[in-house]
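A quick write-up on the structure given underneath.
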Amino acid sequence: MAKAVHYDLVMADPTEPIHRQLGLTDDELQLIVEVLGREPNHLELALYSVMWSEHCSYKSSRIHLRRLPTTGERVLVGPGENAGVIDAGDGIALAIRIESHNHPSAIEPYQGAATGVGGILRDIFTMGARPIAVMDPLFFGPQTTPKQRWLLEGVVAGISGYGNSVGVPTIGGELTFDPCYAGNPLVNVLCLGALPTERLVLGIASGTGNLAVLLGSTTGRDGIGGVSVLASAGFSDDDDQSKRPSVQVGDPYEEKRLIEACLALLDEKLVVGIQDLGGAGLVCATSETAARGRVGMDVDVDAVPTREAGMEPWEIMTSESQERMLAIVTPEGLARVQELCARWEVRATVVGRVTEPDLSPDGEPIGVLRIRHGFDGEIIASIPASSLADDAPLYERPLARPSDLDARHAAKPEMEPEGDLRQELLSLLVDPAFVYRQYDHQLFLNTVTGPGANAALLKLAGPGLPESNRGFALTTDSNPRWCSLDPRAGTALTLAESIANLACVGATPVAVVNCLNFGNPTHPEVMWQLSESIDGMAEACNAFGLAVVGGNVSLYNESGGRDIDPTPVLGVLGLVDELAARPPVLAWNEGDTVVLIEAEGATTSLGGSRWAREIRTNTGGTLAALDAPAHAALCQAITKIIATQVAGGETVITAISDVSGGGLAVTLAEMARASSIGLSATLEQTKETFFGEGPSRFVVATSDLEGLRAALGGVALRLTTLGTTSGSVLDLGGISVTLDEVTTASQALFQHS
């Protein structure tokens with residue numbers, strides 16, 4: 001199996017052949033020889049090494065990803081481009097993408113997270129969209145050691161430092177703590193952008209004689225082999241210093257100028273195609289644009305502006321230095337391109353040109369990427385572009401169901417002895433405000449509900465967009481506890497939770513993106529988890545009528561030989577037809593009636609619950625079942641009520657939350673804390689009632705119970721009145737806590753800060 005490593009440090013065993021030092025296997029070398037019809041030189045091997053890395057080629061996951069549904073009525077661009085794009089109506093399109101920057105963030109948390117934001121922004125504006133929202137699902141080990149606190153604080157500072165500076169709001173995310181992430185934190189970033197539909201542009205090179213213009217920052221040695229290396233190999237604490245040079249360094253102010261310059265070029269239709277320089281740098285951008293257009297491309301490696309002396313061609317071609325884009329422009333438009341870029345103080349350098357494809361012996365066109373010293377100088381590398389961009393080896397790796405899974409399913413958490421349920425509830429309360437208060441979530445002034453709500457809701461408005469009364473909602477969700485027990489069912493349940501979150505703000509789901517964070521793909525159990533998770537996502541998307549429009553696979557998330565729990569993160573986009581008022585949030589009013597609404601037949605389980613994992617350290621049990629049609633019907637009913645309210649209609653629901661991590665008791669505590677008003681309720685006195693988790697359940701508060709019943713009419717459900725809001729105590733019968741205790745417990749995790 002290829003295991004990519006940092007080029008400057010590959011000489012740990014200088015007796016190894018160079019292709020192995022670069023992370024290529026003997027079989028892969030033989031395939032390269034067959035493609036080229038000759039032995040490759042060192043530069044060509046370096047280019048194949050990064051482009052055939054796990055991160056860039058998805059060689060272990062592509063065979064499984066093909067099973068996902070990717071088309072739909074609103075889908076304008078699906079997987080394979082820099083971002084997925086959907087039609088939002090009123091002449092507006094939305095581009096959405098999610099990525100990981102896990103390994104760089106583990107080594108240098110500030111820059112790793114900051115450049116993760118920078119990279120995802122470029123994925124969005126390369127489609128012609130202005131980035132208008134960021135979300136950040138984050139996963140760390142327990143905050144009990146200085147290193148874990150350093151990782152958390154560095155990552156949060158990197159996201160806020162870059163996002164706030166470049167001017168894009170961070171509107172929500174997730175925060176998960178578990179021992180499995182202690183050696184390998186996960187930093188996922190989602191970005192969404194908006195564009196007039198006519199400004200949509202793809203990363204395709206075309207037109208013989210057109211020019212490849214490198215926009216933005218100079219190229220340095222920071223980031224050489226960066227994400228393509230670090231995301232393709234596990235590592236341990238001993239590796240931190242040696243791998244530090246692979247972490248890119250970001251400049252948000254350069255990124256801001258680059259955004260404005262690129263959008264100006266697109267507005268004037270000066271760009272034939274455009275591509276960001278992300279993983280694998282210039283070789284990725286040039287080979288992918290050429291392969292998509294089925295054309296050749298000559299690249300003058302000497303023309304690339306560098307910021308370090310003596311850089312070798314392979315360093316220039318594979319550097320992942322940040323804030324760079326590659327635009328394909330006509331020779332006639334070059335002067336205007338340079339003029340606009342100068343206005344925004346953005347460097348614009350011609351580094352290549354589009355060429356006619358060569359012909360194979362069978363007469364088939366083959367676009368060739370040629371690296372030269374000078375435009376008409378010596379050719380130092382010559383490679384079919386598609387062999388880099390599209391034709392990496394495809395591995396059907398062995399799958400094996402974990403041998404201990406049956407035993408874990410049999411280890412029922414409900415058999416645990418009784419504990420202090422009051423203290424256990426307080427221990428499950430975490431207020432992530434320490435994190436999201438460092439983010440500016442009101443940039444552009446479009447945010448209607450931001451961090452802390454079930455889903456973020458924004459007005460669909462921005463510079464250059466047609467007028468619209470619509471809104472859009474975003475949520476990111478994951479549940480590694482569920483997926484470690486049953487990755488197929490756990491992933492489906494995660495999508496169900498996302499749909500419920502969108503329902504809470506009145507949004508109808510329209511598209512899914514995913515970031516699949518898994519362990520070492522050479523471990524058959526990990527590949528089984530990945531395959532099962534993809535099948536669970538596919539089945540749920542088909543059941544709910546949703547398309548997957550893009551995603552990312554992050555493998556080799558292991559440390560010290562331990563794989564993380566399977567952690568598929570789902571980002572789901574929803575639309576609101578008319579947005580005129582704020583939706584209800586968690587906070588209820590004095591005197592409200594609190595009601596539990598469940599789909600008929602909905603069940604819960606302590607298996608995979610936060611209570612079992614965090615309080616009792618029990619990783620066993622089975623998950624609650626998902627009835628997809630019943631879940632969809634309930635969510636549609638909730639969506640209809642809330643959508644009526646946000647359109648300016650009658651208020652039936654004053655507060656709402658889906659019941660998710662921590663179960664009913666945690667949901668009620670979070671709503672009481674948000675409103676600073678207590679609740680007197682009588683619940684069945686069982687651990688499963690308090691802390692069991694399962695789909696298709698909402699807690700709502702209302703001042704018009706009969707109106708709520710009427711609005712829900714026609715849907716098969718269970719409606720249980722829990723109690724009335726008042727006072728400063730949350731009394732659930734067997735558990736009684738004051739709101740002061742709830743607030744103190746919620747903030748305890750971050751008191752060190």
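FYI, nothing fancy with the structure tokens labels: chains A, B, ... in order, residues from 1 per chain, ligands from 1 as they appear.
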*Test item: residues at most 12 Å from Gly91 (chain A), only C-alpha atoms, excluding those fewer than 6 positions along its chain, as an MDAnalysis selection string*: chainID A and resid 194:200 460:461 464:468 470
*Who sits within 12 Å of region 708-715 of chain A, only C-alpha atoms, same chain under 2 positions skipped, as a PyMOL selection string*: chain A and resi 593-600+629-642+644-645+650-654+700-706+717-721
*DSSP-assigned helix (DSSP H, G or I) among region 581-737 of chain A, expressed as a ChimeraX atom specification*: /A:610-615,628-646,663-675,687-691,705-711
_Contacts of region 306-320 of chain A within 8 Å, only C-alpha atoms, excl. fewer than 6 positions in-chain, as a PyMOL selection string_ = chain A and resi 43+46-47+50+218-227+248+277-283
*Near region 690-695 of chain A, within 7 Å and counting only C-alpha atoms, which residues show up once chain neighbours fewer than 4 positions away are dropped, as a ChimeraX atom specification?*
/A:493,496-497,602-606,609,611,624,626,660-665,686
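Of the listed residues A:Glu356, A:Glu54, A:Glu345, A:Glu108, the one whose atoms come nearest to Val247 (chain A) is A:Glu108, with distances taken using only C-alpha atoms.
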_DSSP strand (DSSP E or B) selection over region 174-395 of chain A, as a ChimeraX atom specification_ = /A:174-177,186-196,211-216,219,273-276,296-300,306,324-329,348-355,358-359,365-366,368-373,378-384
*Given only C-alpha atoms as the counted atoms, nearest of A:Val368, A:Leu445, A:Leu265, A:Val213 to Arg353 (chain A)*: A:Val213
_Point-to-point distance in Å for CA of Pro384 (chain A) and CA of Val35 (chain A)_ =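 A separation of 8.0 Å between them.
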*asked:* Restricting the calculation to only C-alpha atoms: of A:Ala348, A:Ala290, A:Ala212, A:Leu190, which residue gets closest to Cys515 (chain A)?
replied: A:Leu190
*Smallest atom-to-atom distance to Gly216 (chain A): which of A:Asp486, A:Asp477, A:Asp302, A:Glu323, using only C-alpha atoms?*
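Checking each candidate against Gly216 (chain A), we get A:Glu323 as the closest.
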_My list of candidates is A:Pro305, A:Pro451, A:Gly471, A:Gly536. Which is closest to Met135 (chain A) when distances are computed with only C-alpha atoms?_
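Checking each of A:Pro305, A:Pro451, A:Gly471, A:Gly536 against Met135 (chain A), counting only C-alpha atoms, the winner is A:Pro451.
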*asked:* Ranking A:Asp390, A:Gly173, A:Phe698, A:Leu679 by minimum distance to Leu722 (chain A) and counting only C-alpha atoms, which one comes first?
replied: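 Using only C-alpha atoms, Leu722 (chain A) sits closest to A:Leu679.
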